[in-house]
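Enquirer: Got a file for you: data.tsv, TSV, N, CA and C atoms and all ligand atoms.
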```tsv
chain	number	residue	atom	x	y	z
A	94	MET	N	158.04	108.94	29.32
A	94	MET	CA	156.93	108.42	28.52
A	94	MET	C	157.44	107.49	27.42
A	95	GLU	N	156.67	106.45	27.19
A	95	GLU	CA	157.09	105.45	26.20
A	95	GLU	C	156.90	105.95	24.77
A	96	LYS	N	157.86	105.63	23.94
A	96	LYS	CA	157.69	105.94	22.53
A	96	LYS	C	156.68	104.96	21.91
A	97	ILE	N	156.13	105.33	20.77
A	97	ILE	CA	155.21	104.44	20.10
A	97	ILE	C	156.03	103.49	19.22
A	98	VAL	N	155.77	102.22	19.36
A	98	VAL	CA	156.49	101.25	18.53
A	98	VAL	C	155.53	100.74	17.46
A	99	TRP	N	155.91	100.94	16.21
A	99	TRP	CA	155.08	100.49	15.09
A	99	TRP	C	155.01	98.97	15.06
A	100	LYS	N	153.81	98.44	14.95
A	100	LYS	CA	153.66	96.99	14.88
A	100	LYS	C	152.95	96.63	13.57
A	101	PRO	N	153.20	95.41	13.07
A	101	PRO	CA	152.57	95.02	11.80
A	101	PRO	C	151.05	95.13	11.84
A	102	GLU	N	150.45	94.93	13.02
A	102	GLU	CA	148.99	95.02	13.09
A	102	GLU	C	148.47	96.46	12.96
A	103	TYR	N	149.38	97.43	12.89
A	103	TYR	CA	148.95	98.81	12.65
A	103	TYR	C	148.72	99.06	11.15
A	104	SER	N	149.11	98.11	10.33
A	104	SER	CA	149.00	98.32	8.89
A	104	SER	C	147.54	98.31	8.43
A	105	VAL	N	147.19	99.34	7.63
A	105	VAL	CA	145.82	99.42	7.11
A	105	VAL	C	145.76	98.83	5.69
A	106	GLY	N	146.88	98.29	5.24
A	106	GLY	CA	146.89	97.60	3.96
A	106	GLY	C	147.09	98.49	2.74
A	107	VAL	N	147.15	99.81	2.96
A	107	VAL	CA	147.40	100.73	1.84
A	107	VAL	C	148.75	101.39	2.11
A	108	GLU	N	149.69	101.12	1.21
A	108	GLU	CA	151.07	101.51	1.46
A	108	GLU	C	151.26	103.00	1.76
A	109	ARG	N	150.63	103.83	0.94
A	109	ARG	CA	150.80	105.28	1.11
A	109	ARG	C	150.31	105.74	2.48
A	110	LEU	N	149.19	105.15	2.91
A	110	LEU	CA	148.62	105.54	4.20
A	110	LEU	C	149.48	105.02	5.36
A	111	ASP	N	149.99	103.80	5.22
A	111	ASP	CA	150.89	103.26	6.25
A	111	ASP	C	152.13	104.13	6.40
A	112	ARG	N	152.68	104.54	5.26
A	112	ARG	CA	153.88	105.37	5.30
A	112	ARG	C	153.61	106.69	6.01
A	113	GLN	N	152.45	107.27	5.72
A	113	GLN	CA	152.09	108.53	6.39
A	113	GLN	C	151.90	108.31	7.89
A	114	HIS	N	151.23	107.23	8.26
A	114	HIS	CA	151.05	106.93	9.69
A	114	HIS	C	152.41	106.79	10.37
A	115	GLN	N	153.32	106.09	9.71
A	115	GLN	CA	154.65	105.88	10.29
A	115	GLN	C	155.41	107.19	10.47
A	116	ARG	N	155.25	108.06	9.48
A	116	ARG	CA	155.93	109.35	9.53
A	116	ARG	C	155.38	110.20	10.69
A	117	ILE	N	154.08	110.15	10.87
A	117	ILE	CA	153.44	110.90	11.96
A	117	ILE	C	153.93	110.36	13.31
A	118	ILE	N	153.96	109.04	13.43
A	118	ILE	CA	154.43	108.42	14.68
A	118	ILE	C	155.88	108.79	14.97
A	119	LYS	N	156.68	108.88	13.92
A	119	LYS	CA	158.08	109.24	14.09
A	119	LYS	C	158.21	110.65	14.69
A	120	VAL	N	157.41	111.57	14.20
A	120	VAL	CA	157.47	112.93	14.73
A	120	VAL	C	156.98	112.96	16.18
A	121	ILE	N	155.91	112.22	16.47
A	121	ILE	CA	155.42	112.17	17.86
A	121	ILE	C	156.52	111.61	18.77
A	122	ASN	N	157.22	110.58	18.28
A	122	ASN	CA	158.31	110.01	19.07
A	122	ASN	C	159.44	111.01	19.31
A	123	THR	N	159.69	111.86	18.33
A	123	THR	CA	160.70	112.92	18.51
A	123	THR	C	160.28	113.83	19.66
A	124	LEU	N	159.00	114.17	19.70
A	124	LEU	CA	158.49	115.04	20.77
A	124	LEU	C	158.55	114.34	22.12
A	125	ILE	N	158.23	113.04	22.12
A	125	ILE	CA	158.26	112.27	23.36
A	125	ILE	C	159.70	112.21	23.90
A	126	ALA	N	160.66	112.11	22.98
A	126	ALA	CA	162.06	112.00	23.37
A	126	ALA	C	162.60	113.31	23.96
A	127	LYS	N	162.01	114.44	23.55
A	127	LYS	CA	162.54	115.73	24.01
A	127	LYS	C	161.46	116.65	24.54
A	128	PRO	N	160.68	116.19	25.50
A	128	PRO	CA	159.55	117.03	25.94
A	128	PRO	C	160.01	118.27	26.70
A	129	GLY	N	161.22	118.20	27.28
A	129	GLY	CA	161.65	119.30	28.13
A	129	GLY	C	162.37	120.42	27.41
A	130	ILE	N	162.49	120.29	26.13
A	130	ILE	CA	163.20	121.34	25.38
A	130	ILE	C	162.29	122.54	25.22
A	131	PHE	N	162.86	123.71	25.38
A	131	PHE	CA	162.05	124.93	25.28
A	131	PHE	C	161.30	124.98	23.97
A	132	ILE	N	160.04	125.37	24.10
A	132	ILE	CA	159.17	125.43	22.95
A	132	ILE	C	159.70	126.41	21.90
A	133	ARG	N	160.43	127.41	22.37
A	133	ARG	CA	160.94	128.40	21.40
A	133	ARG	C	162.10	127.85	20.59
A	134	SER	N	162.69	126.77	21.09
A	134	SER	CA	163.83	126.25	20.34
A	134	SER	C	163.34	125.68	19.02
A	135	ALA	N	164.17	125.81	18.05
A	135	ALA	CA	163.77	125.46	16.69
A	135	ALA	C	163.31	124.01	16.57
A	136	SER	N	163.99	123.08	17.24
A	136	SER	CA	163.69	121.67	16.99
A	136	SER	C	162.26	121.28	17.36
A	137	ILE	N	161.80	121.71	18.54
A	137	ILE	CA	160.44	121.36	18.94
A	137	ILE	C	159.41	122.10	18.09
A	138	ALA	N	159.67	123.38	17.88
A	138	ALA	CA	158.75	124.16	17.04
A	138	ALA	C	158.67	123.52	15.66
A	139	ASP	N	159.83	123.10	15.15
A	139	ASP	CA	159.86	122.45	13.83
A	139	ASP	C	159.08	121.15	13.86
A	140	ALA	N	159.30	120.36	14.92
A	140	ALA	CA	158.61	119.07	15.00
A	140	ALA	C	157.10	119.28	15.06
A	141	LEU	N	156.65	120.28	15.82
A	141	LEU	CA	155.21	120.52	15.92
A	141	LEU	C	154.62	120.99	14.60
A	142	SER	N	155.35	121.83	13.89
A	142	SER	CA	154.76	122.29	12.63
A	142	SER	C	154.87	121.21	11.56
A	143	GLU	N	155.93	120.41	11.67
A	143	GLU	CA	156.07	119.26	10.78
A	143	GLU	C	154.88	118.31	11.00
A	144	LEU	N	154.58	118.07	12.28
A	144	LEU	CA	153.47	117.19	12.61
A	144	LEU	C	152.17	117.71	12.03
A	145	THR	N	151.92	119.00	12.22
A	145	THR	CA	150.69	119.61	11.70
A	145	THR	C	150.58	119.44	10.19
A	146	SER	N	151.68	119.64	9.49
A	146	SER	CA	151.57	119.54	8.03
A	146	SER	C	151.46	118.09	7.56
A	147	TYR	N	152.17	117.17	8.24
A	147	TYR	CA	152.03	115.75	7.89
A	147	TYR	C	150.60	115.29	8.12
A	148	VAL	N	150.03	115.75	9.24
A	148	VAL	CA	148.68	115.32	9.60
A	148	VAL	C	147.67	115.85	8.58
A	149	SER	N	147.78	117.13	8.21
A	149	SER	CA	146.79	117.63	7.23
A	149	SER	C	146.93	116.92	5.90
A	150	GLU	N	148.18	116.67	5.51
A	150	GLU	CA	148.43	115.93	4.27
A	150	GLU	C	147.80	114.54	4.34
A	151	HIS	N	147.97	113.90	5.50
A	151	HIS	CA	147.44	112.54	5.67
A	151	HIS	C	145.91	112.52	5.65
A	152	PHE	N	145.28	113.40	6.42
A	152	PHE	CA	143.82	113.43	6.47
A	152	PHE	C	143.27	113.68	5.06
A	153	LEU	N	143.92	114.57	4.35
A	153	LEU	CA	143.49	114.91	3.00
A	153	LEU	C	143.50	113.69	2.08
A	154	LEU	N	144.62	112.97	2.07
A	154	LEU	CA	144.74	111.80	1.20
A	154	LEU	C	143.77	110.69	1.63
A	155	GLU	N	143.71	110.45	2.93
A	155	GLU	CA	142.84	109.38	3.42
A	155	GLU	C	141.38	109.67	3.06
A	156	GLU	N	140.95	110.90	3.32
A	156	GLU	CA	139.56	111.27	3.04
A	156	GLU	C	139.28	111.24	1.53
A	157	GLN	N	140.27	111.64	0.76
A	157	GLN	CA	140.13	111.63	-0.70
A	157	GLN	C	139.94	110.21	-1.22
A	158	LEU	N	140.79	109.29	-0.73
A	158	LEU	CA	140.68	107.88	-1.14
A	158	LEU	C	139.34	107.29	-0.72
A	159	LEU	N	138.91	107.61	0.49
A	159	LEU	CA	137.63	107.09	0.99
A	159	LEU	C	136.48	107.63	0.15
A	160	GLU	N	136.56	108.92	-0.17
A	160	GLU	CA	135.49	109.57	-0.92
A	160	GLU	C	135.41	109.02	-2.35
A	161	GLU	N	136.56	108.95	-3.01
A	161	GLU	CA	136.62	108.43	-4.38
A	161	GLU	C	136.02	107.04	-4.51
A	162	ASN	N	136.17	106.27	-3.43
A	162	ASN	CA	135.69	104.88	-3.48
A	162	ASN	C	134.34	104.68	-2.81
A	163	ASN	N	133.68	105.81	-2.52
A	163	ASN	CA	132.36	105.78	-1.89
A	163	ASN	C	132.30	104.97	-0.60
A	164	TYR	N	133.24	105.24	0.26
A	164	TYR	CA	133.26	104.59	1.57
A	164	TYR	C	131.99	104.96	2.33
A	165	PRO	N	131.26	103.97	2.82
A	165	PRO	CA	129.96	104.27	3.44
A	165	PRO	C	130.05	105.10	4.74
A	166	ASN	N	131.16	104.96	5.47
A	166	ASN	CA	131.24	105.70	6.75
A	166	ASN	C	132.12	106.94	6.66
A	167	LEU	N	132.15	107.52	5.46
A	167	LEU	CA	133.02	108.68	5.25
A	167	LEU	C	132.73	109.82	6.23
A	168	ILE	N	131.46	110.18	6.36
A	168	ILE	CA	131.11	111.34	7.18
A	168	ILE	C	131.57	111.16	8.62
A	169	ASP	N	131.34	109.96	9.14
A	169	ASP	CA	131.76	109.67	10.50
A	169	ASP	C	133.28	109.75	10.65
A	170	HIS	N	133.97	109.23	9.65
A	170	HIS	CA	135.43	109.22	9.72
A	170	HIS	C	135.99	110.64	9.66
A	171	VAL	N	135.44	111.43	8.77
A	171	VAL	CA	135.89	112.83	8.65
A	171	VAL	C	135.64	113.57	9.97
A	172	LYS	N	134.54	113.23	10.61
A	172	LYS	CA	134.20	113.86	11.89
A	172	LYS	C	135.29	113.60	12.93
A	173	ARG	N	135.80	112.37	12.95
A	173	ARG	CA	136.89	112.04	13.90
A	173	ARG	C	138.12	112.90	13.63
A	174	HIS	N	138.42	113.06	12.37
A	174	HIS	CA	139.58	113.88	12.01
A	174	HIS	C	139.38	115.33	12.45
A	175	THR	N	138.16	115.81	12.24
A	175	THR	CA	137.86	117.19	12.63
A	175	THR	C	137.98	117.37	14.14
A	176	GLU	N	137.48	116.38	14.88
A	176	GLU	CA	137.57	116.45	16.34
A	176	GLU	C	139.03	116.51	16.79
A	177	TYR	N	139.85	115.71	16.13
A	177	TYR	CA	141.29	115.74	16.46
A	177	TYR	C	141.85	117.14	16.24
A	178	GLY	N	141.56	117.70	15.09
A	178	GLY	CA	142.05	119.04	14.76
A	178	GLY	C	141.61	120.08	15.79
A	179	GLU	N	140.37	119.94	16.24
A	179	GLU	CA	139.85	120.89	17.24
A	179	GLU	C	140.57	120.74	18.57
A	180	GLN	N	140.81	119.50	18.97
A	180	GLN	CA	141.55	119.24	20.22
A	180	GLN	C	142.95	119.84	20.17
A	181	ILE	N	143.60	119.61	19.06
A	181	ILE	CA	144.97	120.11	18.93
A	181	ILE	C	144.99	121.64	18.95
A	182	ALA	N	144.04	122.23	18.24
A	182	ALA	CA	143.96	123.69	18.24
A	182	ALA	C	143.75	124.22	19.65
A	183	ASN	N	142.93	123.51	20.43
A	183	ASN	CA	142.71	123.88	21.83
A	183	ASN	C	143.99	123.83	22.65
A	184	PHE	N	144.72	122.74	22.48
A	184	PHE	CA	145.98	122.60	23.18
A	184	PHE	C	146.92	123.75	22.85
A	185	TYR	N	146.99	124.05	21.58
A	185	TYR	CA	147.90	125.10	21.15
A	185	TYR	C	147.52	126.41	21.80
A	186	LEU	N	146.24	126.71	21.82
A	186	LEU	CA	145.79	127.98	22.36
A	186	LEU	C	146.00	128.06	23.87
A	187	LYS	N	145.59	126.98	24.55
A	187	LYS	CA	145.59	127.04	26.01
A	187	LYS	C	146.95	126.78	26.64
A	188	LYS	N	147.64	125.80	26.13
A	188	LYS	CA	148.83	125.33	26.83
A	188	LYS	C	150.13	125.87	26.26
A	189	ILE	N	150.28	125.69	24.98
A	189	ILE	CA	151.62	125.88	24.44
A	189	ILE	C	152.10	127.33	24.52
A	190	GLU	N	151.20	128.24	24.34
A	190	GLU	CA	151.59	129.65	24.36
A	190	GLU	C	152.37	130.03	25.61
A	191	ASN	N	151.89	129.55	26.76
A	191	ASN	CA	152.52	129.96	28.01
A	191	ASN	C	153.41	128.88	28.60
A	192	ASN	N	153.73	127.89	27.80
A	192	ASN	CA	154.47	126.77	28.34
A	192	ASN	C	155.83	126.64	27.70
A	193	LYS	N	156.79	126.31	28.54
A	193	LYS	CA	158.13	126.15	27.99
A	193	LYS	C	158.35	124.75	27.45
A	194	ASN	N	157.58	123.82	27.96
A	194	ASN	CA	157.74	122.43	27.52
A	194	ASN	C	156.55	122.00	26.67
A	195	VAL	N	156.76	120.92	25.94
A	195	VAL	CA	155.60	120.33	25.28
A	195	VAL	C	154.82	119.65	26.39
A	196	PRO	N	153.58	120.08	26.64
A	196	PRO	CA	152.86	119.52	27.77
A	196	PRO	C	152.67	118.01	27.64
A	197	ARG	N	152.87	117.35	28.76
A	197	ARG	CA	152.70	115.91	28.83
A	197	ARG	C	151.32	115.48	28.35
A	198	GLN	N	150.35	116.30	28.73
A	198	GLN	CA	148.96	116.05	28.33
A	198	GLN	C	148.83	115.97	26.81
A	199	LEU	N	149.52	116.86	26.13
A	199	LEU	CA	149.48	116.86	24.67
A	199	LEU	C	150.14	115.61	24.11
A	200	LEU	N	151.29	115.24	24.70
A	200	LEU	CA	151.99	114.04	24.24
A	200	LEU	C	151.14	112.79	24.46
A	201	ASN	N	150.50	112.74	25.63
A	201	ASN	CA	149.60	111.61	25.90
A	201	ASN	C	148.46	111.57	24.90
A	202	TYR	N	147.89	112.72	24.66
A	202	TYR	CA	146.77	112.79	23.72
A	202	TYR	C	147.21	112.32	22.33
A	203	LEU	N	148.34	112.85	21.86
A	203	LEU	CA	148.83	112.49	20.53
A	203	LEU	C	149.06	110.99	20.42
A	204	SER	N	149.73	110.45	21.43
A	204	SER	CA	150.09	109.06	21.34
A	204	SER	C	148.84	108.16	21.46
A	205	GLU	N	147.94	108.50	22.37
A	205	GLU	CA	146.73	107.69	22.50
A	205	GLU	C	145.80	107.84	21.30
A	206	TRP	N	145.67	109.09	20.83
A	206	TRP	CA	144.75	109.31	19.72
A	206	TRP	C	145.20	108.56	18.47
A	207	TRP	N	146.48	108.67	18.13
A	207	TRP	CA	146.94	108.06	16.89
A	207	TRP	C	146.88	106.55	16.92
A	208	VAL	N	147.34	105.96	18.02
A	208	VAL	CA	147.29	104.51	18.11
A	208	VAL	C	145.83	104.04	18.09
A	209	GLY	N	144.99	104.71	18.87
A	209	GLY	CA	143.57	104.34	18.93
A	209	GLY	C	142.87	104.54	17.59
A	210	HIS	N	143.15	105.65	16.94
A	210	HIS	CA	142.48	105.94	15.67
A	210	HIS	C	142.89	104.95	14.58
A	211	ILE	N	144.17	104.65	14.51
A	211	ILE	CA	144.63	103.70	13.50
A	211	ILE	C	144.02	102.32	13.77
A	212	LEU	N	144.08	101.89	15.01
A	212	LEU	CA	143.62	100.53	15.33
A	212	LEU	C	142.10	100.38	15.28
A	213	HIS	N	141.36	101.43	15.61
A	213	HIS	CA	139.90	101.27	15.70
A	213	HIS	C	139.12	101.94	14.57
A	214	GLU	N	139.59	103.08	14.09
A	214	GLU	CA	138.83	103.78	13.04
A	214	GLU	C	139.38	103.47	11.65
A	215	ASP	N	140.69	103.72	11.47
A	215	ASP	CA	141.27	103.46	10.16
A	215	ASP	C	141.14	101.98	9.79
A	216	MET	N	141.28	101.13	10.79
A	216	MET	CA	141.22	99.69	10.55
A	216	MET	C	139.89	99.26	9.92
A	217	LYS	N	138.84	100.08	10.16
A	217	LYS	CA	137.52	99.75	9.59
A	217	LYS	C	137.51	99.79	8.07
A	218	TYR	N	138.44	100.57	7.46
A	218	TYR	CA	138.44	100.61	6.00
A	218	TYR	C	139.41	99.60	5.39
A	219	LYS	N	140.13	98.87	6.22
A	219	LYS	CA	141.14	97.94	5.70
A	219	LYS	C	140.55	96.95	4.70
A	220	SER	N	139.49	96.26	5.11
A	220	SER	CA	138.92	95.25	4.23
A	220	SER	C	138.20	95.91	3.05
A	221	PHE	N	137.66	97.12	3.28
A	221	PHE	CA	136.99	97.87	2.22
A	221	PHE	C	137.97	98.14	1.06
A	222	PHE	N	139.14	98.68	1.38
A	222	PHE	CA	140.14	98.95	0.35
A	222	PHE	C	140.68	97.65	-0.25
A	223	LYS	N	140.81	96.63	0.59
A	223	LYS	CA	141.32	95.36	0.11
A	223	LYS	C	140.37	94.80	-0.97
A	224	ASP	N	139.08	94.86	-0.69
A	224	ASP	CA	138.09	94.37	-1.65
A	224	ASP	C	138.13	95.16	-2.96
A	225	LYS	N	138.48	96.45	-2.87
A	225	LYS	CA	138.55	97.28	-4.07
A	225	LYS	C	139.90	97.14	-4.79
A	226	GLY	N	140.79	96.35	-4.20
A	226	GLY	CA	142.10	96.15	-4.82
A	226	GLY	C	143.05	97.31	-4.63
A	227	ILE	N	142.76	98.18	-3.64
A	227	ILE	CA	143.66	99.32	-3.39
A	227	ILE	C	144.67	98.92	-2.32
A	228	ARG	N	145.96	99.05	-2.70
A	228	ARG	CA	147.00	98.63	-1.76
A	228	ARG	C	147.99	99.74	-1.50
B	301	FE	FE	141.65	108.33	9.78
B	302	FE	FE	144.85	107.55	9.18
```
Could you quickly redo this structure as structure tokens?
Expert:
Amino acid sequence: MEKIVWKPEYSVGVERLDRQHQRIIKVINTLIAKPGIFIRSASIADALSELTSYVSEHFLLEEQLLEENNYPNLIDHVKRHTEYGEQIANFYLKKIENNKNVPRQLLNYLSEWWVGHILHEDMKYKSFFKDKGIR
């Protein structure tokens, strides 16, 4: 599976959020690089829990910034984040418990969701923050 390559067009124009997106992509790439390592091994377990904590931290900051600035599509955006969380929780429950590898399906989902979400959903607030002078 291909790793995700960060491109300048992934930038949402807010440095803190870009850095968080990059950090999340880095962890996903670590998982893509070692999908066959036993789930019980520390490195994959660490990467998955690292991912979970980076993601919650990111959603929190992003939603906070959107809320503070009265972003008009806040509710819809938060809904997307919630849906992601539910999907991941499902994967964890159904697949990972009985699986020795990080399921390909999960890696595909992670990689498609993040690239798609940044490019199509997060990108919607780019000009909004730019107009407010938030960088
Ligand atoms: Fe988002
Ligand atoms: Fe985001």
Enquirer: One number please: atom N of His213 in chain A to atom C of Ser136 in chain A, in Å, one decimal.
Expert: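 That distance, rounded to one decimal, is 28.9 Å.
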Enquirer: Can you tell me how far atom N of Tyr103 in chain A sits from atom C of Leu212 in chain A, in Å to one decimal?
Expert: 8.2 Å
Enquirer: Please determine an axis-aligned box that encloses all atoms of range 115-125 of chain A listed in the file, with 5 Å added on each side, and express its centre and edge lengths in Å to one decimal as lines of an AutoDock Vina configuration file.
Expert:
```
center_x = 157.0
center_y = 110.5
center_z = 16.7
size_x = 17.4
size_y = 19.2
size_z = 24.4
```
Enquirer: Out of A:Glu214, A:Glu95, A:Asp139, A:Glu108, which residue has the shortest atom-to-atom distance to ligand FE 301 (chain B) when counting only N, CA and C atoms and all ligand atoms?
Expert: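 Checking each of A:Glu214, A:Glu95, A:Asp139, A:Glu108 against ligand FE 301 (chain B), counting only N, CA and C atoms and all ligand atoms, the winner is A:Glu214.
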Enquirer: Could you list, as number ranges by chain, all residues that come within 9 Å of ligand FE 302 (chain B)? Count only C-alpha atoms and all ligand atoms.
Expert: A: 105, 110-111, 113-114, 148, 151-152, 155-156, 174, 207, 210-211, 214-216
Enquirer: For each of A:Val98, A:Leu199, A:Ile121, A:Ala138, take the minimum atom-to-atom distance to Asn183 in chain A, counting only C-alpha atoms, then give the residue where this is smallest.
Expert: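 Comparing A:Val98, A:Leu199, A:Ile121, A:Ala138 against Asn183 in chain A, the winner is A:Leu199.
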Enquirer: Set the distance at 8 Å and use only C-alpha atoms: which residues neighbour Ser204 in chain A once local chain neighbours fewer than 2 positions away are removed? I'd like the list as a list of chain:residue names.
Expert: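 With the cut-off at 8 Å, the set is A:Ile97, A:Ile118, A:Ile121, A:Leu200, A:Asn201, A:Tyr202, A:Trp206, A:Trp207, A:Val208.
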Enquirer: Using backbone DSSP assignments, extract all alpha helix (DSSP H) residues from chain A; output them as a ChimeraX atom specification.
Expert: /A:108-126,135-161,167-187,197-209,219-224
Enquirer: For a test of reading the model, state the distance in Å between CA of Ala126 in chain A and CA of Leu186 in chain A, rounded to one decimal.
Expert: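 Value for the CA of Ala126 in chain A-CA of Leu186 in chain A distance: 22.8 Å.
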Enquirer: Given the choices A:Gln180, A:Tyr185, A:Lys225, A:Ile168, which gets closest to ligand FE 301 (chain B) if the distance is worked out from only C-alpha atoms and all ligand atoms?
Expert: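 Looking only at the distances to ligand FE 301 (chain B), the closest residue turns out to be A:Ile168.
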Enquirer: With distances taken over all atoms listed in the file, which of A:Arg112, A:Lys127, A:Lys100, A:Arg173 is nearest to ligand FE 301 (chain B)?
Expert: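 Smallest separation from ligand FE 301 (chain B) among the options: A:Arg173.
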Enquirer: Would you list the residues near (132.5, 102.3, -5.5) (no more than 12 Å away, in the coordinates of the file, using only C-alpha atoms) as a PDB file with N, CA and C atoms, in the coordinates of the input?
Expert:
```pdb
ATOM      1  N   LEU A 158     140.790 109.290  -0.730  1.00  0.00           N
ATOM      2  CA  LEU A 158     140.680 107.880  -1.140  1.00  0.00           C
ATOM      3  C   LEU A 158     139.340 107.290  -0.720  1.00  0.00           C
ATOM      4  N   LEU A 159     138.910 107.610   0.490  1.00  0.00           N
ATOM      5  CA  LEU A 159     137.630 107.090   0.990  1.00  0.00           C
ATOM      6  C   LEU A 159     136.480 107.630   0.150  1.00  0.00           C
ATOM      7  N   GLU A 160     136.560 108.920  -0.170  1.00  0.00           N
ATOM      8  CA  GLU A 160     135.490 109.570  -0.920  1.00  0.00           C
ATOM      9  C   GLU A 160     135.410 109.020  -2.350  1.00  0.00           C
ATOM     10  N   GLU A 161     136.560 108.950  -3.010  1.00  0.00           N
ATOM     11  CA  GLU A 161     136.620 108.430  -4.380  1.00  0.00           C
ATOM     12  C   GLU A 161     136.020 107.040  -4.510  1.00  0.00           C
ATOM     13  N   ASN A 162     136.170 106.270  -3.430  1.00  0.00           N
ATOM     14  CA  ASN A 162     135.690 104.880  -3.480  1.00  0.00           C
ATOM     15  C   ASN A 162     134.340 104.680  -2.810  1.00  0.00           C
ATOM     16  N   ASN A 163     133.680 105.810  -2.520  1.00  0.00           N
ATOM     17  CA  ASN A 163     132.360 105.780  -1.890  1.00  0.00           C
ATOM     18  C   ASN A 163     132.300 104.970  -0.600  1.00  0.00           C
ATOM     19  N   TYR A 164     133.240 105.240   0.260  1.00  0.00           N
ATOM     20  CA  TYR A 164     133.260 104.590   1.570  1.00  0.00           C
ATOM     21  C   TYR A 164     131.990 104.960   2.330  1.00  0.00           C
ATOM     22  N   PRO A 165     131.260 103.970   2.820  1.00  0.00           N
ATOM     23  CA  PRO A 165     129.960 104.270   3.440  1.00  0.00           C
ATOM     24  C   PRO A 165     130.050 105.100   4.740  1.00  0.00           C
ATOM     25  N   PHE A 221     137.660  97.120   3.280  1.00  0.00           N
ATOM     26  CA  PHE A 221     136.990  97.870   2.220  1.00  0.00           C
ATOM     27  C   PHE A 221     137.970  98.140   1.060  1.00  0.00           C
ATOM     28  N   PHE A 222     139.140  98.680   1.380  1.00  0.00           N
ATOM     29  CA  PHE A 222     140.140  98.950   0.350  1.00  0.00           C
ATOM     30  C   PHE A 222     140.680  97.650  -0.250  1.00  0.00           C
ATOM     31  N   ASP A 224     139.080  94.860  -0.690  1.00  0.00           N
ATOM     32  CA  ASP A 224     138.090  94.370  -1.650  1.00  0.00           C
ATOM     33  C   ASP A 224     138.130  95.160  -2.960  1.00  0.00           C
ATOM     34  N   LYS A 225     138.480  96.450  -2.870  1.00  0.00           N
ATOM     35  CA  LYS A 225     138.550  97.280  -4.070  1.00  0.00           C
ATOM     36  C   LYS A 225     139.900  97.140  -4.790  1.00  0.00           C
ATOM     37  N   GLY A 226     140.790  96.350  -4.200  1.00  0.00           N
ATOM     38  CA  GLY A 226     142.100  96.150  -4.820  1.00  0.00           C
ATOM     39  C   GLY A 226     143.050  97.310  -4.630  1.00  0.00           C
ATOM     40  N   ILE A 227     142.760  98.180  -3.640  1.00  0.00           N
ATOM     41  CA  ILE A 227     143.660  99.320  -3.390  1.00  0.00           C
ATOM     42  C   ILE A 227     144.670  98.920  -2.320  1.00  0.00           C
TER      43      ILE A 227
END
```
Enquirer: Which of these, A:Lys96, A:Lys223, A:Arg109, A:His170, has the shortest distance to ligand FE 301 (chain B) once you count only N, CA and C atoms and all ligand atoms?
Expert: A:His170
Enquirer: For a quick check of understanding, using only C-alpha atoms, which of A:Pro128, A:Thr145, A:Met94, A:Asn166 has the smallest distance to Ala182 in chain A?
Expert: A:Thr145
